[in-house]
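Engineer: What follows is upload_8.pdb; its format and atoms are PDB, C-alpha atoms and all ligand atoms.
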ATOM      1  CA  THR A   1      -6.243   6.018   3.688  1.00  0.00           C
ATOM      2  CA  TYR A   2      -2.637   4.939   3.195  1.00  0.00           C
ATOM      3  CA  VAL A   3      -1.024   4.305  -0.179  1.00  0.00           C
ATOM      4  CA  VAL A   4       1.863   2.164  -1.408  1.00  0.00           C
ATOM      5  CA  THR A   5       4.500   3.984  -3.463  1.00  0.00           C
ATOM      6  CA  ASP A   6       7.164   2.806  -5.924  1.00  0.00           C
ATOM      7  CA  ALA A   7       9.588   2.193  -3.041  1.00  0.00           C
ATOM      8  CA  CYS A   8       7.683  -1.102  -2.763  1.00  0.00           C
ATOM      9  CA  ILE A   9       9.033  -2.370  -6.089  1.00  0.00           C
ATOM     10  CA  GLN A  10      10.923  -5.641  -5.637  1.00  0.00           C
ATOM     11  CA  CYS A  11      10.480  -5.605  -1.868  1.00  0.00           C
ATOM     12  CA  LYS A  12      10.266  -9.217  -0.789  1.00  0.00           C
ATOM     13  CA  PHE A  13       8.822  -8.536   2.624  1.00  0.00           C
ATOM     14  CA  THR A  14       5.137  -8.722   3.416  1.00  0.00           C
ATOM     15  CA  ASP A  15       5.258  -7.403   6.957  1.00  0.00           C
ATOM     16  CA  CYS A  16       2.565  -4.871   6.073  1.00  0.00           C
ATOM     17  CA  VAL A  17       0.193  -7.577   4.882  1.00  0.00           C
ATOM     18  CA  GLU A  18       0.627  -9.497   8.103  1.00  0.00           C
ATOM     19  CA  VAL A  19      -0.242  -6.594  10.391  1.00  0.00           C
ATOM     20  CA  CYS A  20      -3.158  -5.085   8.465  1.00  0.00           C
ATOM     21  CA  PRO A  21      -6.299  -5.711  10.558  1.00  0.00           C
ATOM     22  CA  VAL A  22      -8.623  -5.570   7.544  1.00  0.00           C
ATOM     23  CA  ASP A  23      -6.485  -7.442   4.964  1.00  0.00           C
ATOM     24  CA  CYS A  24      -6.666  -4.662   2.410  1.00  0.00           C
ATOM     25  CA  PHE A  25      -3.331  -5.270   0.690  1.00  0.00           C
ATOM     26  CA  TYR A  26      -3.468  -6.690  -2.826  1.00  0.00           C
ATOM     27  CA  GLU A  27      -0.910  -7.652  -5.468  1.00  0.00           C
ATOM     28  CA  GLY A  28      -0.229  -5.041  -8.121  1.00  0.00           C
ATOM     29  CA  GLU A  29       1.987  -5.554 -11.165  1.00  0.00           C
ATOM     30  CA  ASN A  30       5.273  -5.104  -9.308  1.00  0.00           C
ATOM     31  CA  THR A  31       4.183  -3.657  -5.978  1.00  0.00           C
ATOM     32  CA  LEU A  32       1.572  -4.321  -3.385  1.00  0.00           C
ATOM     33  CA  VAL A  33      -1.312  -1.868  -3.261  1.00  0.00           C
ATOM     34  CA  ILE A  34      -3.815  -0.820  -0.623  1.00  0.00           C
ATOM     35  CA  ALA A  35      -7.535  -0.896  -1.440  1.00  0.00           C
ATOM     36  CA  PRO A  36      -8.626   2.673  -0.698  1.00  0.00           C
ATOM     37  CA  ASP A  37     -12.194   1.705   0.132  1.00  0.00           C
ATOM     38  CA  GLU A  38     -11.076  -0.952   2.604  1.00  0.00           C
ATOM     39  CA  CYS A  39      -8.225   0.791   4.452  1.00  0.00           C
ATOM     40  CA  ILE A  40      -9.402   2.043   7.840  1.00  0.00           C
ATOM     41  CA  ASP A  41      -6.504   4.456   8.173  1.00  0.00           C
ATOM     42  CA  CYS A  42      -5.116   2.783  11.282  1.00  0.00           C
ATOM     43  CA  GLY A  43      -1.472   3.434  10.363  1.00  0.00           C
ATOM     44  CA  VAL A  44      -0.244   0.094  11.704  1.00  0.00           C
ATOM     45  CA  CYS A  45       1.432  -0.888   8.426  1.00  0.00           C
ATOM     46  CA  GLU A  46       3.479   2.267   7.963  1.00  0.00           C
ATOM     47  CA  PRO A  47       6.285   1.558  10.468  1.00  0.00           C
ATOM     48  CA  GLU A  48       6.361  -2.139   9.455  1.00  0.00           C
ATOM     49  CA  CYS A  49       7.403  -1.444   5.882  1.00  0.00           C
ATOM     50  CA  PRO A  50      11.180  -2.015   5.518  1.00  0.00           C
ATOM     51  CA  ALA A  51      11.222   0.057   2.317  1.00  0.00           C
ATOM     52  CA  ASP A  52       9.272   3.011   3.766  1.00  0.00           C
ATOM     53  CA  ALA A  53       6.905   2.603   0.851  1.00  0.00           C
ATOM     54  CA  ILE A  54       3.679   3.230   2.734  1.00  0.00           C
ATOM     55  CA  ILE A  55       2.573   6.797   3.299  1.00  0.00           C
ATOM     56  CA  PRO A  56      -0.689   8.523   4.206  1.00  0.00           C
ATOM     57  CA  ASP A  57      -2.602   9.878   1.210  1.00  0.00           C
ATOM     58  CA  THR A  58      -2.574  13.290   2.849  1.00  0.00           C
ATOM     59  CA  GLU A  59       1.153  13.658   2.100  1.00  0.00           C
ATOM     60  CA  SER A  60       1.944  15.563  -1.081  1.00  0.00           C
ATOM     61  CA  ALA A  61       4.239  12.728  -2.245  1.00  0.00           C
ATOM     62  CA  ALA A  62       1.225  10.404  -2.137  1.00  0.00           C
ATOM     63  CA  GLU A  63      -0.764  12.342  -4.694  1.00  0.00           C
ATOM     64  CA  LYS A  64       0.450  10.451  -7.755  1.00  0.00           C
ATOM     65  CA  TRP A  65       0.003   7.056  -6.055  1.00  0.00           C
ATOM     66  CA  ILE A  66      -3.629   7.359  -5.055  1.00  0.00           C
ATOM     67  CA  ALA A  67      -5.039   6.400  -8.459  1.00  0.00           C
ATOM     68  CA  PHE A  68      -2.375   3.696  -8.841  1.00  0.00           C
ATOM     69  CA  ASN A  69      -3.439   1.941  -5.633  1.00  0.00           C
ATOM     70  CA  GLY A  70      -7.118   2.267  -6.519  1.00  0.00           C
ATOM     71  CA  LYS A  71      -6.577   0.909 -10.015  1.00  0.00           C
ATOM     72  CA  TYR A  72      -4.748  -2.266  -9.033  1.00  0.00           C
ATOM     73  CA  ALA A  73      -6.857  -2.934  -5.945  1.00  0.00           C
ATOM     74  CA  ALA A  74      -9.976  -2.762  -8.123  1.00  0.00           C
ATOM     75  CA  LEU A  75      -8.699  -5.659 -10.260  1.00  0.00           C
ATOM     76  CA  TRP A  76      -9.340  -8.060  -7.378  1.00  0.00           C
TER      77      TRP A  76
HETATM   78 FE1  LIG B 101      -4.305  -1.798   6.661  1.00  0.00          FE
HETATM   79 FE2  LIG B 101      -4.242   0.064   8.604  1.00  0.00          FE
HETATM   80 FE3  LIG B 101      -2.341   0.031   6.710  1.00  0.00          FE
HETATM   81 FE4  LIG B 101      -4.846   0.764   6.080  1.00  0.00          FE
HETATM   82  S1  LIG B 101      -3.434   1.861   7.464  1.00  0.00           S
HETATM   83  S2  LIG B 101      -3.513  -0.624   4.896  1.00  0.00           S
HETATM   84  S3  LIG B 101      -6.043  -0.602   7.417  1.00  0.00           S
HETATM   85  S4  LIG B 101      -2.709  -1.572   8.249  1.00  0.00           S
END
For the structure just supplied, provide its representation as structure tokens.
Structural biologist:
Amino acid sequence: TYVVTDACIQCKFTDCVEVCPVDCFYEGENTLVIAPDECIDCGVCEPECPADAIIPDTESAAEKWIAFNGKYAALW
């Protein structure tokens, strides 16, 4: 699973949304988020993000964003 981090804040691009094969991006409060139970871990979105805000949840920097993505994705 990939997660969106705070580097996404105020990014106006939605390149990630356009390339995601399973449409698992959702609107958070001021970032996009990835629904953890829908992401198929394909990695296609990662290089498309102009803010480098998308990282795999296996990275240590992702740890604090896992619950954040799950929380906002669950609101939809
Ligand atoms: Fe979508 Fe693939 Fe990115 Fe997961 S890794 S959010 S499935 S594009």
Engineer: Need the shell around segment 66-69 of chain A: protein/DNA/RNA residues with any atom at most 8 Å away, counting all atoms listed in the file. Skip same-chain ones fewer than 6 positions apart. Format as a VMD selection string?
Structural biologist: chain A and resid 3 to 4 33 to 36 57
Engineer: Output the residue selection produced by the PyMOL selection byres (((chain A and resi 44) around 12) and not hetatm) on the file above, formatted as a VMD selection string.
Structural biologist: chain A and resid 1 to 2 15 to 23 39 to 43 45 to 49 54 to 56
Engineer: Assuming 4 Å of padding per side, give the centre and edge lengths of the axis-aligned box around every listed atom of segment 39-53 of chain A, in Å to one decimal and as AutoDock Vina command-line options.
Structural biologist:
--center_x 0.9 --center_y 1.2 --center_z 6.3 --size_x 28.6 --size_y 14.6 --size_z 18.9
Engineer: Compare A:Glu38, A:Asp6, A:Glu29, A:Asp52 by their minimum atom-to-atom distance to ligand LIG 101 (chain B), counting only C-alpha atoms and all ligand atoms, and give me the closest one.
Structural biologist: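 Counting only C-alpha atoms and all ligand atoms, the residue closest to ligand LIG 101 (chain B) is A:Glu38.
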Engineer: One decimal, in Å: what's the spacing between atom CA of Lys12 of chain A and atom CA of Tyr26 of chain A?
Structural biologist: 14.1 Å
Engineer: Can you tell me how far atom CA of Phe25 of chain A sits from atom S1 of ligand LIG 101 (chain B), in Å to one decimal?
Structural biologist: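 About the pair atom CA of Phe25 of chain A and atom S1 of ligand LIG 101 (chain B): they are 9.8 Å apart.
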Engineer: Kindly give the distance, in Å, that separates atom CA of Glu59 of chain A and atom CA of Ala7 of chain A, rounded to a single decimal.
Structural biologist: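 It comes out at 15.1 Å.
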Engineer: Which of these residues is nearest to Glu27 of chain A, using all atoms listed in the file: A:Thr5, A:Gln10, A:Trp76, A:Pro50?
Structural biologist: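 Between A:Thr5, A:Gln10, A:Trp76, A:Pro50, the residue approaching Glu27 of chain A most closely is A:Trp76.
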Engineer: Of the candidates A:Asp37, A:Cys8, A:Asn30, A:Phe13, which shows the shortest atom-to-atom distance to ligand LIG 101 (chain B), using only C-alpha atoms and all ligand atoms?
Structural biologist: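 Using only C-alpha atoms and all ligand atoms, ligand LIG 101 (chain B) sits closest to A:Asp37.
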Engineer: Choose the residue, out of A:Cys11, A:Gly28, A:Ala53, A:Ser60, that has the smallest atom-to-atom separation from Ala74 of chain A; count all atoms listed in the file.
Structural biologist: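 Closest candidate: A:Gly28.
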Engineer: Using all atoms listed in the file, which of A:Ala62, A:Leu32, A:Leu75, A:Ile9 sits nearest ligand LIG 101 (chain B)?
Structural biologist: A:Leu32
Engineer: Have a look at A:Cys24, A:Ala51, A:Tyr72, A:Thr14 and name the one nearest to ligand LIG 101 (chain B); count only C-alpha atoms and all ligand atoms.
Structural biologist: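 Among the listed residues, the smallest separation from ligand LIG 101 (chain B) belongs to A:Cys24.
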